[in-house]
Amino acid sequence: MNERDDKHDHWLARPATIRWLWRVFGLVLGLVVAAQFFVGVHGHFGVDGWFGFNAAFGFFACVAMVLFAKVLGWLVKRPEQYYRDQER
Amino acid sequence: MFELIIPPAFVMLIGAFLVAVSRPGLRPLIALAAPLVTLYAIWQIPDGIQLTATFLGYEVQVVEGGPERRLFATVFALMGFGGVLFAFRQAKWYELAAAMAYSAGAIGVSFAGDLIVMFLFWELMALFSVIVVWCGGTFGSKRAGIRYIIMHLLGGIILKVGIEGIMIHTGSVEIRPLALDNFDTWMVFIGILVNAAAPPISAWLADAYPESSPTGSVFLSAFTTKTAVLALMLLFPGQPLLIWIGLWMIFYGIIYALLENDIRRILSYSIINQVGFMVVAVGIGTEMALNGAAAHAFSHIFYKALLFMSAGAVIYQTGRHKCSELGGLFRTMPLTTICGTIGALAISAFPLTSGFISKSLTVSAAAGEHMTLVWFLLVAASAGVFLHAGIKFPWYVFFQRDSGLRPKDPPWNMQAAMVLFAVVCIGLGVFPELLYGLLPYPVDYVPYTAEHVITQSQLLLFAGLAFFVMLPLMKRTLTISLDLDWFWRVGWVRLFRGFEALLGGLQRAASALAFGLLRRFSGELMRHHGAEGVLARAWPIGSMLLWVAVLLAVLLLLRYVPEAGSP
């Protein structure tokens with residue numbers, strides 16, 4: 001997409017906006033972790049009270065789920081018309 | 001004081017009937033009024049058994065009040081209203097009437113005082129929900145509807161076998177907590193789990209719902225699975241097996257939704273995921289957990305219907321239903337984008353949404369019972385919900401790349417329904433007492449503590465980060481994902497065909513053998529008895545005379561042989 005098109009597109013879709021959104025997102029991520037300095041998180045089982053536990057757990061749980069889905073996808077993904085072909 | 005108990009389900013059924021027979025001009029009025037009148041009737045029902053009747057010689061309890069029953073019936077009626085508002089100008093009259101009768105079934109199950117009444121309304125739901133599936137009007141919806149109704153009628157039969165067994169062996173069909181210690185209760189358990197889309201037959205849900213019309217799937221998302229949750233709450237609270245069934249459903253929903261390309265199929269898998277949370281809560285079975293199951297069902301119906309409404313609006317306006325064909329719609333569908341995103345945030349349990357105040361009850365109940373593994377899995381799953389429904393759905397539909405599509409926001413009634421449900425999602429999140437006051441047990445839980453808000457925000461925002469980091473791995477493919485339903489859609493047919501081929505082979509072998517033997521036999525016959533056979537051919541007269549002469553000569557000779565034993 002060239003510069004002229006950028007100006008005509010919706011402001012939310014412009015690369016400059018998206019760069020800003022990433023910065024704000026990064027800032028918010030930092031803030032919610034830093035907030036743990038001010039608010040004691042006690043946790044129910046010990047480990048979940050650690051600093052930044054929920055951030056790390058959320059991130060890595062999702063990475064694991066995406067990777068698992070990817071592997072399972074190799075096994076179970078079929079073309080859209082699979083069942084139509086089978087029923088013929 | 002004059003007290004008249006009208007079964008709320010009948011009010012809705014009459015409404016459905018009137019919608020079917022009335023003049024087109026009156027239909028919207030009746031369809032919108034019926035759920036509200038039903039809601040009024042629901043709130044007139046005090047706790048305890050209120051109405052009995054005689055059915056096939058049995059005294060049945062048509063209406064029994066109770067806090068969890070009232071809660072579920074309320075949300076079903078409200079859902080009926082929102083669904084009708086979303087659909088009444090676009091859906092065919094028979095879809096509207098069928099959807100209302102379907103919701104009447106759900107309300108009937110909610111108030112059923114015994115298993116017979118529950119079963120009757122259960123089947124009513126199956127019958128009218130399949131009509132809603134068929135209203136999709138495509139070849140695919142016809143076939144999916146047939147698979148759907150086979151599954152539900154089978155589930156109904158299993159349920160009925162269990163109910164009849166309980167009736168014969170205990171003499172009581174009252175709805176009360178049952179122990180899984182005999183064949184009858186197992187049958188009831190399995191029959192209910194069929195409707196909850198539990199493994200191994202979860203596939204029926206994501207198979208049928210996305211084939212319905214854009215308006216029909218809004219209704220379908222609400223009733224069947226949630227009545228199953230209520231039935232589990234009433235019949236099997238605290239059954240530990242449910243925890244593991246529910247956890248399976250939770251992760252199954254996430255993983256399959258991640259693989260999916262069809263937007264309504266993503267949301268359908270997400271229903272299974274959310275019902276999984278409720279099933280786990282019923283399995284934990286403490287007062288807090290049962291509150292959690294009820295609260296989650298209540299808020300889930302609103303945000304899931306809202307998500308299906310936004311998906312329906314997109315499909316209605318564009319005719320496209322795949323992530324790979326959509327994208328960038330926020331430019332021209334701002335209201336649908338905002339409402340869909342609110343639904344997505346609510347399902348992800350962001351603070352200030354209904355999901356935050358309801359799901360946390362279940363998760364906290366697991367912590368309260370010191371179920372370490374269950375708790376960690378539930379928290380991981382909460383992050384996964386944001387991943388598969390909370391971001392994936394709005395990202396691929398409304399954002400990502402520009403698909404070039406420039407549809408407008410949908411007609412006003414669809415917009416009104418979406419705004420109404422979005423307000424409910426936020427309203428319940430901001431004023432949790434509204435929901436907590438309706439729950440079956442007293443609530444001793446404060447959702448908005450600084451600690452809870454921070455931990456939940458960390459969890460969800462970093463799940464969001466993971467989504468964008470992993471985005472290259474989640475490229476949409478034009479595929480479907482095989483599920484265990486492969487075994488009855490393809491495997492069964494293949495097995496049958498294989499058996500058929502085996503029988504054919506056996507038949508050919510047997511007939512070849514028989515034919516060979518027959519030919520051999522007939523050859524022998526021909527040799528001996530055929531025209532040229534030894535025993536049948538025409539002998540020359542001369543040879544006959546010769547043989548006669550030989551015979552006479554032998555007789556003559558024998559005459560001179562001395563008789564044995566003579567002196």
# chains A, B, ... in the order shown; residues from 1 in each chain; ligands from 1
$ residues_around --residues "segment 71-79 of chain B" --least-positions-apart "5" --cutoff "8 Å" --atoms "only C-alpha atoms" --output "VMD selection string"
chain B and resid 35 to 36 38 to 39 42 103 106 to 107 110 to 111 219 222 to 223 227 230 294 297 to 298 301 to 302 305 438 to 439
$ write_last_selection --atoms "N, CA, C and O atoms" --output "compact mmCIF listing (two decimals), in the first residue's frame"
# COMPACT_ATOMS: atom_id res chain seq x y z
N PRO B 35 -42.59 -13.16 24.76
CA PRO B 35 -41.54 -13.41 25.76
C PRO B 35 -41.70 -12.53 27.01
O PRO B 35 -41.39 -12.97 28.12
N LEU B 36 -42.22 -11.32 26.83
CA LEU B 36 -42.38 -10.44 27.98
C LEU B 36 -43.51 -10.92 28.89
O LEU B 36 -43.38 -10.90 30.12
N THR B 38 -44.41 -13.98 29.05
CA THR B 38 -43.84 -15.19 29.66
C THR B 38 -42.97 -14.83 30.86
O THR B 38 -43.03 -15.47 31.91
N LEU B 39 -42.19 -13.78 30.70
CA LEU B 39 -41.32 -13.34 31.79
C LEU B 39 -42.16 -12.98 33.02
O LEU B 39 -41.82 -13.34 34.15
N ILE B 42 -43.28 -16.09 34.62
CA ILE B 42 -42.17 -16.74 35.33
C ILE B 42 -42.03 -16.17 36.74
O ILE B 42 -41.84 -16.90 37.71
N SER B 103 -37.85 -22.09 22.57
CA SER B 103 -37.58 -21.45 23.86
C SER B 103 -38.63 -21.87 24.89
O SER B 103 -38.32 -21.99 26.08
N ALA B 106 -37.44 -24.93 26.45
CA ALA B 106 -36.38 -24.67 27.45
C ALA B 106 -36.99 -24.16 28.75
O ALA B 106 -36.58 -24.57 29.84
N ILE B 107 -38.00 -23.28 28.64
CA ILE B 107 -38.63 -22.75 29.85
C ILE B 107 -39.40 -23.86 30.56
O ILE B 107 -39.40 -23.95 31.79
N SER B 110 -37.08 -25.88 32.52
CA SER B 110 -36.64 -25.15 33.71
C SER B 110 -37.59 -25.37 34.89
O SER B 110 -37.16 -25.49 36.03
N PHE B 111 -38.89 -25.41 34.60
CA PHE B 111 -39.86 -25.51 35.69
C PHE B 111 -40.37 -26.94 35.90
O PHE B 111 -41.26 -27.15 36.71
N PHE B 219 -30.79 -17.98 18.22
CA PHE B 219 -31.64 -18.77 19.12
C PHE B 219 -30.95 -20.07 19.52
O PHE B 219 -30.97 -20.48 20.68
N ALA B 222 -28.55 -20.55 22.53
CA ALA B 222 -28.93 -20.29 23.92
C ALA B 222 -29.48 -21.48 24.69
O ALA B 222 -29.13 -21.68 25.85
N PHE B 223 -30.37 -22.27 24.09
CA PHE B 223 -31.27 -23.07 24.91
C PHE B 223 -30.80 -24.49 25.24
O PHE B 223 -30.78 -24.89 26.39
N THR B 227 -30.12 -25.72 29.09
CA THR B 227 -31.07 -26.54 29.84
C THR B 227 -30.38 -27.79 30.34
O THR B 227 -30.70 -28.28 31.43
N LEU B 230 -28.71 -26.87 33.52
CA LEU B 230 -29.67 -26.80 34.62
C LEU B 230 -30.05 -28.20 35.08
O LEU B 230 -30.11 -28.48 36.28
N ALA B 294 -24.70 -21.29 37.53
CA ALA B 294 -25.93 -20.56 37.19
C ALA B 294 -25.59 -19.17 36.66
O ALA B 294 -26.13 -18.73 35.63
N ALA B 297 -24.08 -19.40 33.20
CA ALA B 297 -25.09 -19.69 32.18
C ALA B 297 -25.85 -18.41 31.84
O ALA B 297 -26.10 -18.11 30.67
N PHE B 298 -26.20 -17.66 32.88
CA PHE B 298 -26.98 -16.43 32.68
C PHE B 298 -26.20 -15.43 31.81
O PHE B 298 -26.70 -14.97 30.79
N ILE B 301 -25.38 -16.66 28.08
CA ILE B 301 -26.43 -16.60 27.07
C ILE B 301 -26.45 -15.23 26.41
O ILE B 301 -26.58 -15.11 25.19
N PHE B 302 -26.25 -14.18 27.23
CA PHE B 302 -26.28 -12.83 26.64
C PHE B 302 -25.07 -12.59 25.73
O PHE B 302 -25.22 -12.14 24.61
N ALA B 305 -25.13 -14.89 22.62
CA ALA B 305 -26.14 -14.44 21.65
C ALA B 305 -25.66 -13.16 20.96
O ALA B 305 -25.83 -13.00 19.75
N LEU B 438 -30.00 -12.92 42.08
CA LEU B 438 -30.89 -13.94 41.52
C LEU B 438 -30.36 -15.36 41.75
O LEU B 438 -31.05 -16.33 41.46
N LEU B 439 -29.14 -15.48 42.24
CA LEU B 439 -28.50 -16.80 42.30
C LEU B 439 -29.13 -17.68 43.37
O LEU B 439 -29.72 -17.18 44.33
$ interface_residues --of "chain A" --to "chain B" --cutoff "8 Å" --atoms "only C-alpha atoms" --output "PyMOL selection string"
chain A and resi 10+29+32-33+35-36+39-41+44-45+52+54-63+65-66+68-70+73+76-80+82-83+86-87
$ residues_around --residues "Gly292 of chain B" --least-positions-apart "3" --cutoff "8 Å" --atoms "only C-alpha atoms" --output "MDAnalysis selection string"
chainID B and resid 278 281 288:289 295:296 358:362 365
$ write_last_selection --atoms "C-alpha atoms" --output "PDB file, in the first residue's frame"
ATOM      1  CA  MET B 278     -20.452 -24.669  33.769  1.00  0.00           C
ATOM      2  CA  ALA B 281     -18.771 -25.942  38.260  1.00  0.00           C
ATOM      3  CA  MET B 288     -20.323 -21.230  45.363  1.00  0.00           C
ATOM      4  CA  ALA B 289     -19.664 -23.485  42.374  1.00  0.00           C
ATOM      5  CA  ALA B 295     -24.316 -17.116  36.928  1.00  0.00           C
ATOM      6  CA  HIS B 296     -22.122 -18.212  34.060  1.00  0.00           C
ATOM      7  CA  SER B 358     -19.633 -14.888  36.648  1.00  0.00           C
ATOM      8  CA  LYS B 359     -16.662 -16.993  35.588  1.00  0.00           C
ATOM      9  CA  SER B 360     -14.600 -15.963  38.592  1.00  0.00           C
ATOM     10  CA  LEU B 361     -17.186 -17.624  40.870  1.00  0.00           C
ATOM     11  CA  THR B 362     -16.352 -20.998  39.344  1.00  0.00           C
ATOM     12  CA  ALA B 365     -14.807 -22.258  43.913  1.00  0.00           C
TER      13      ALA B 365
END
$ atom_distance --atom1 "atom CA of Asp47 of chain B" --atom2 "atom CA of Leu120 of chain B"
21.6 Å
$ residues_around --residues "Leu484 of chain B" --least-positions-apart "5" --cutoff "12 Å" --atoms "only C-alpha atoms" --output "number ranges by chain"
A: 76; B: 198-204, 207, 252, 489-492
